[in-house]
Every structure is written in structure tokens, then in C-alpha cells.
Amino acid sequence: MKTDILSTDRASVVQLLARLGEPEWRAGQIIDWAWRGVDFDGMTNLPVGLREKLAGCATINLPQIERKLVSSIDGTIKYLFRLSDGEAIESVVMRYRHGNTICISSQAGCRMGCRFCASNTCGTARNLRVSEMLGQVIAAQKDTGKRIDGIVLMGIGEPLDNYDNVLSFIRAVSSEEGLNIGCRHISLSTCGLADKIYRLADEKLQITLSVSLHACSDEERSALMPINNKWNIEALLRACRVYFNKTRRRISFEYTLIAGVNDTPGHAKRLSALLHGYFGRSAPFHVNLIALNEVEGRGYVRSDAAARFARELEGLRVNATVRRILGPDIKASCGQLRAHNIHPEPNP
């Protein structure tokens, strides 16, 4: 098998060069080109003979842009990427005053089965390799011509279900030799794999942990999120408390508002009591209220109570914001483009 340059570290590239009879200092040149998304033919400061040898035993596989949608409202860009084995994934580039953030996928599909999510409508195919996660960032930078300043692991897939590759990706993309995107500019979203949260706490990375909560009782959460049958709210919040104690990083709790399901004043009171019960009044946490991405056939309807719900939480001394909807004209929420690509609507 060919060596996947973007999935290996510098030491592995040095070993590859040694097998080819080349000096180890060439590793820096190769890695620098690879991080810019340049294939071996374009590595103009390498001898032609070395480029030919690399092409025979190594690869730099960037995802190919299958579709690109650009919002006429706010400039949000949504990509459907095609991987080397034909699998499709999605990424979204969002533009803010402070820079550009990309939301990337960590799996091709998802096996968590959240009832309201479009990402699992076509099941799980496989985990993404480190290079395939890095490739989304590199390909977006090449296409837009603009630097990516922040990364959100909140696209298709459950990042902690692909734990080792995701950790390697974070370490690579935040390194000075890589894209040098600091960990404080990286967010990881999880539906609640409590055992992996404990592992992540021990890594002591300065990333932001975003936890998909979406309910304040086990009965309600299990109806929305099957993972709650394995790791219930108590197990999840205990892990979150340990994560905060070890990292001192504020946790963001995601709460998608669904009409008639979790959006009443009573829900706001129970959510406040739940979070204060585990974090007290001193430990910082944040509730991110999200507009539902309605999925055909699921029967869930977007709530119009976001502003009111946020005021109720604030009145209960819970820091809360309503996430701004970006790219509404291109359906920028993850999962829809991939699902349509796998099961296209029939022609009329």
C-alpha cells in the first residue's frame, strides 16, 4: 500500500525517504507542499527523480469537490466532497468577523441514530482517516483562497466514535508544522460517549467540548438519542464535570429546540436545575440553542420559541445564546446534501 503522507508524521516521512535512499531533510519540503495540497508533480524544489519515486510509493489524496453551494445571504459555502473510494462527506465554511471557520465531517455516515438528525439517514460507511479530515480543511483553503482560522468537528459522524484518528487530526492541524490552528480555535461536538469524554479529559487539550444534550430527562433524551440508553444524563454530566475539572475549559451544551417536545418554560426550568446541579454556580458552562434542521419523514418541527427560551434560561442564571442560522438558502446543516447524493429525488 502507498504511504498516505497526510496521515503520517514527520518521522514516518523520514523513514520513507531512507528507504528511497534520500536525505531526511527532504521531509520538511514534502510535508510543507502536502499541507498546501500540492501533489508530487508540483513539488518544484524536489528533484524530478524523487518526485517520480514518491508518486510510485506514496499518495496525497485530497477530497474532490463534487458539489459546491454558496449562500447569497451570508457567503456560507457548503461542499459535498468525494473521497478516493467513492464515499461522500460534507463540510461547511462559515465566515465571521473574526475569520473563517470550517465545520468538518469525521465519519462517512453516522451510527448514533439520533432521531432528528440528517447525518444518519444513509447509515454508517466508515471512519475517516486523518488525511481525509485534514483534506477537508486544505481543499477548502485552496478553493476559497482564504485561510481557515477555526475548526468545528460537528459535521457528519460522531468524532469520539473515531477517537484515535480525531485526536491525531487535532494534534496535526494545531501543530506549527501543520496549519497552526490553535486548539482554542477547535471545537469538538459529541452526542455523549461518556467513556471517551473521560479519555479526552486526560489529553488535556485546550479545545472546546460541545455536548449534544437536547433534553433534560432520560425519558425525553432516550426518545431523541439512542446513545442515552447506554450513557444516560447522569453518566454524561459526571463525565463533563470531570472534563471541566481537568481542563478548566468551559463546556457548551447544545440544545436543539423542537416544537412541543423540549421547548416549554417547564423545560427551561428543568434544564437550569439539571446543569446547576452538576456544575453549581461557579463552574462556567454555556447553552447553545439551535434551530432544528427539519428532516423529511422524521415528524419533528422547528420551534419558534428560541428567543423566549433563551430569556428564560438567562433569568435562571444560565448563560445561553441562540445560534445564528447560516446559509439557510443552501441548507447548510450537515447531512442533507450527502443523503440527496446517495438517494436522489426522482425526476418528475
# chains A, B, ... in the order shown; residues from 1 in each chain; ligands from 1

call {"tool": "residues_around", "arguments": {"residues": "Leu6 in chain A", "least_positions_apart": "6", "cutoff": "9 Å", "atoms": "only C-alpha atoms", "output": "list in words"}}
result
Ile31, Ala34, Trp35, Thr59, Ile60, Asn61, Val130, Ser131, Glu132, Leu134 and Gly135 of chain A

call {"tool": "residues_around", "arguments": {"residues": "range 194-210 of chain A", "least_positions_apart": "4", "cutoff": "8 Å", "atoms": "only C-alpha atoms", "output": "PyMOL selection string"}}
result
chain A and resi 160+163+183-190+231+235-236+239-240+242-244+246-247+249-254

call {"tool": "residues_around", "arguments": {"residues": "Tyr300 in chain A", "least_positions_apart": "4", "cutoff": "9 Å", "atoms": "only C-alpha atoms", "output": "CSV table (one decimal) with N, CA and C atoms, in the first residue's frame"}}
result
chain,number,residue,atom,x,y,z
A,115,ARG,N,-32.7,10.8,16.4
A,115,ARG,CA,-33.9,10.7,15.6
A,115,ARG,C,-34.1,11.9,14.7
A,116,PHE,N,-33.6,13.1,15.1
A,116,PHE,CA,-33.9,14.3,14.4
A,116,PHE,C,-32.8,14.7,13.4
A,258,ILE,N,-37.2,21.7,19.6
A,258,ILE,CA,-38.2,21.0,18.8
A,258,ILE,C,-39.6,21.4,19.3
A,259,ALA,N,-40.5,21.8,18.5
A,259,ALA,CA,-41.8,22.3,18.9
A,259,ALA,C,-42.6,21.2,19.6
A,261,VAL,N,-41.8,19.4,22.0
A,261,VAL,CA,-41.0,18.3,22.6
A,261,VAL,C,-40.2,18.7,23.7
A,292,LEU,N,-33.9,23.7,14.8
A,292,LEU,CA,-34.0,22.3,14.3
A,292,LEU,C,-33.8,22.3,12.7
A,294,GLU,N,-35.0,20.5,10.0
A,294,GLU,CA,-36.1,19.6,9.8
A,294,GLU,C,-35.8,18.5,8.7
A,295,VAL,N,-36.0,17.2,9.0
A,295,VAL,CA,-35.6,16.1,8.1
A,295,VAL,C,-37.0,15.5,7.7
A,296,GLU,N,-37.1,15.4,6.4
A,296,GLU,CA,-38.4,14.8,5.9
A,296,GLU,C,-38.6,13.4,6.4

call {"tool": "closest_residue", "arguments": {"among": "A:Ser168, A:Glu177, A:Lys68, A:Ser119", "to": "Gly28 in chain A", "atoms": "only C-alpha atoms"}}
result
A:Glu177

call {"tool": "residues_around", "arguments": {"residues": "Leu20 in chain A", "least_positions_apart": "3", "cutoff": "10 Å", "atoms": "only C-alpha atoms", "output": "ChimeraX atom specification"}}
result
/A:14-17,23,50,53-54,57

call {"tool": "write_last_selection", "arguments": {"atoms": "C-alpha atoms", "output": "short mmCIF file (atom, residue, chain, number, x, y, z; two decimals), in the first residue's frame"}}
result
data_model
loop_
_atom_site.label_atom_id
_atom_site.label_comp_id
_atom_site.auth_asym_id
_atom_site.auth_seq_id
_atom_site.Cartn_x
_atom_site.Cartn_y
_atom_site.Cartn_z
CA VAL A 14 11.90 10.40 7.12
CA GLN A 15 11.72 6.60 7.20
CA LEU A 16 10.15 6.59 3.74
CA LEU A 17 12.96 8.78 2.41
CA PRO A 23 18.26 12.61 2.71
CA LEU A 50 12.48 11.86 -6.23
CA LYS A 53 9.73 7.70 -6.76
CA LEU A 54 7.26 9.35 -4.35
CA CYS A 57 5.06 4.64 -3.28
#

call {"tool": "closest_residue", "arguments": {"among": "A:His286, A:His214, A:His267, A:Arg221", "to": "Glu312 in chain A", "atoms": "only C-alpha atoms"}}
result
A:His267

call {"tool": "closest_residue", "arguments": {"among": "A:Asp85, A:Glu220, A:Asp143, A:Asp164", "to": "Ser7 in chain A", "atoms": "only C-alpha atoms"}}
result
A:Asp164

call {"tool": "select_by_dssp", "arguments": {"residues": "range 168-304 of chain A", "states": "strand (DSSP E)", "output": "list in words"}}
result
Ile186, Ser187, Leu188, Ser189, Thr190, Thr208, Leu209, Ser210, Val211, Ser212, Ile251, Ser252, Phe253, Glu254, Tyr255, Thr256, Leu257, Phe285, His286, Val287, Asn288, Leu289, Ile290 and Ala291 of chain A

call {"tool": "write_last_selection", "arguments": {"atoms": "N, CA and C atoms", "output": "mmCIF file, in the first residue's frame"}}
result
data_model
loop_
_atom_site.group_PDB
_atom_site.id
_atom_site.type_symbol
_atom_site.label_atom_id
_atom_site.label_comp_id
_atom_site.auth_asym_id
_atom_site.auth_seq_id
_atom_site.Cartn_x
_atom_site.Cartn_y
_atom_site.Cartn_z
ATOM 1 N N ILE A 186 -10.530 25.221 18.092
ATOM 2 C CA ILE A 186 -11.081 23.952 17.626
ATOM 3 C C ILE A 186 -12.173 23.505 18.594
ATOM 4 N N SER A 187 -13.344 23.168 18.062
ATOM 5 C CA SER A 187 -14.454 22.657 18.871
ATOM 6 C C SER A 187 -14.785 21.241 18.437
ATOM 7 N N LEU A 188 -15.078 20.408 19.422
ATOM 8 C CA LEU A 188 -15.460 19.023 19.152
ATOM 9 C C LEU A 188 -16.842 18.780 19.743
ATOM 10 N N SER A 189 -17.742 18.305 18.912
ATOM 11 C CA SER A 189 -19.115 18.054 19.347
ATOM 12 C C SER A 189 -19.358 16.561 19.494
ATOM 13 N N THR A 190 -19.974 16.163 20.595
ATOM 14 C CA THR A 190 -20.277 14.755 20.833
ATOM 15 C C THR A 190 -21.713 14.588 21.294
ATOM 16 N N THR A 208 -12.536 23.213 22.712
ATOM 17 C CA THR A 208 -13.861 23.418 23.308
ATOM 18 C C THR A 208 -14.694 22.158 23.107
ATOM 19 N N LEU A 209 -15.242 21.639 24.185
ATOM 20 C CA LEU A 209 -16.113 20.468 24.110
ATOM 21 C C LEU A 209 -17.564 20.942 24.040
ATOM 22 N N SER A 210 -18.261 20.508 22.989
ATOM 23 C CA SER A 210 -19.684 20.809 22.831
ATOM 24 C C SER A 210 -20.459 19.505 22.973
ATOM 25 N N VAL A 211 -21.391 19.472 23.894
ATOM 26 C CA VAL A 211 -22.129 18.245 24.211
ATOM 27 C C VAL A 211 -23.575 18.390 23.757
ATOM 28 N N SER A 212 -24.008 17.466 22.908
ATOM 29 C CA SER A 212 -25.391 17.491 22.433
ATOM 30 C C SER A 212 -26.299 16.926 23.517
ATOM 31 N N ILE A 251 -17.596 24.196 29.036
ATOM 32 C CA ILE A 251 -18.315 23.268 28.167
ATOM 33 C C ILE A 251 -19.548 23.959 27.607
ATOM 34 N N SER A 252 -19.808 23.701 26.320
ATOM 35 C CA SER A 252 -21.009 24.214 25.675
ATOM 36 C C SER A 252 -21.998 23.068 25.498
ATOM 37 N N PHE A 253 -23.221 23.263 25.966
ATOM 38 C CA PHE A 253 -24.266 22.252 25.820
ATOM 39 C C PHE A 253 -25.193 22.668 24.680
ATOM 40 N N GLU A 254 -25.293 21.798 23.680
ATOM 41 C CA GLU A 254 -26.150 22.071 22.537
ATOM 42 C C GLU A 254 -27.568 21.585 22.840
ATOM 43 N N TYR A 255 -28.516 22.426 22.497
ATOM 44 C CA TYR A 255 -29.913 22.112 22.803
ATOM 45 C C TYR A 255 -30.748 22.521 21.599
ATOM 46 N N THR A 256 -31.126 21.540 20.785
ATOM 47 C CA THR A 256 -31.944 21.799 19.612
ATOM 48 C C THR A 256 -33.404 21.886 20.028
ATOM 49 N N LEU A 257 -34.021 23.000 19.725
ATOM 50 C CA LEU A 257 -35.402 23.234 20.144
ATOM 51 C C LEU A 257 -36.373 22.616 19.134
ATOM 52 N N PHE A 285 -20.439 27.226 32.219
ATOM 53 C CA PHE A 285 -20.950 26.406 31.129
ATOM 54 C C PHE A 285 -21.870 27.285 30.303
ATOM 55 N N HIS A 286 -22.203 26.809 29.135
ATOM 56 C CA HIS A 286 -22.966 27.620 28.198
ATOM 57 C C HIS A 286 -23.980 26.739 27.485
ATOM 58 N N VAL A 287 -25.172 27.257 27.237
ATOM 59 C CA VAL A 287 -26.188 26.533 26.485
ATOM 60 C C VAL A 287 -26.344 27.208 25.122
ATOM 61 N N ASN A 288 -26.138 26.420 24.092
ATOM 62 C CA ASN A 288 -26.247 26.907 22.721
ATOM 63 C C ASN A 288 -27.568 26.404 22.148
ATOM 64 N N LEU A 289 -28.529 27.298 21.979
ATOM 65 C CA LEU A 289 -29.851 26.929 21.478
ATOM 66 C C LEU A 289 -29.828 26.901 19.957
ATOM 67 N N ILE A 290 -30.291 25.792 19.383
ATOM 68 C CA ILE A 290 -30.136 25.541 17.953
ATOM 69 C C ILE A 290 -31.504 25.365 17.307
ATOM 70 N N ALA A 291 -31.670 25.984 16.145
ATOM 71 C CA ALA A 291 -32.896 25.776 15.366
ATOM 72 C C ALA A 291 -32.847 24.400 14.710
#

call {"tool": "atom_distance", "arguments": {"atom1": "CA of Thr101 in chain A", "atom2": "CA of Leu179 in chain A"}}
result
13.2 Å

call {"tool": "closest_residue", "arguments": {"among": "A:Phe169, A:Tyr96, A:Leu83, A:Met225", "to": "Arg111 in chain A", "atoms": "only C-alpha atoms"}}
result
A:Met225

call {"tool": "atom_distance", "arguments": {"atom1": "CA of Gly155 in chain A", "atom2": "CA of Pro63 in chain A"}}
result
15.3 Å

call {"tool": "closest_residue", "arguments": {"among": "A:Asn293, A:Ser91, A:Asn45, A:Asn262", "to": "Glu66 in chain A", "atoms": "only C-alpha atoms"}}
result
A:Ser91

call {"tool": "closest_residue", "arguments": {"among": "A:Leu271, A:Ile181, A:Ile30, A:Ile156", "to": "Ala215 in chain A", "atoms": "only C-alpha atoms"}}
result
A:Leu271

call {"tool": "select_by_dssp", "arguments": {"residues": "range 42-289 of chain A", "states": "helix (DSSP H, G or I)", "output": "count of residues only"}}
result
95
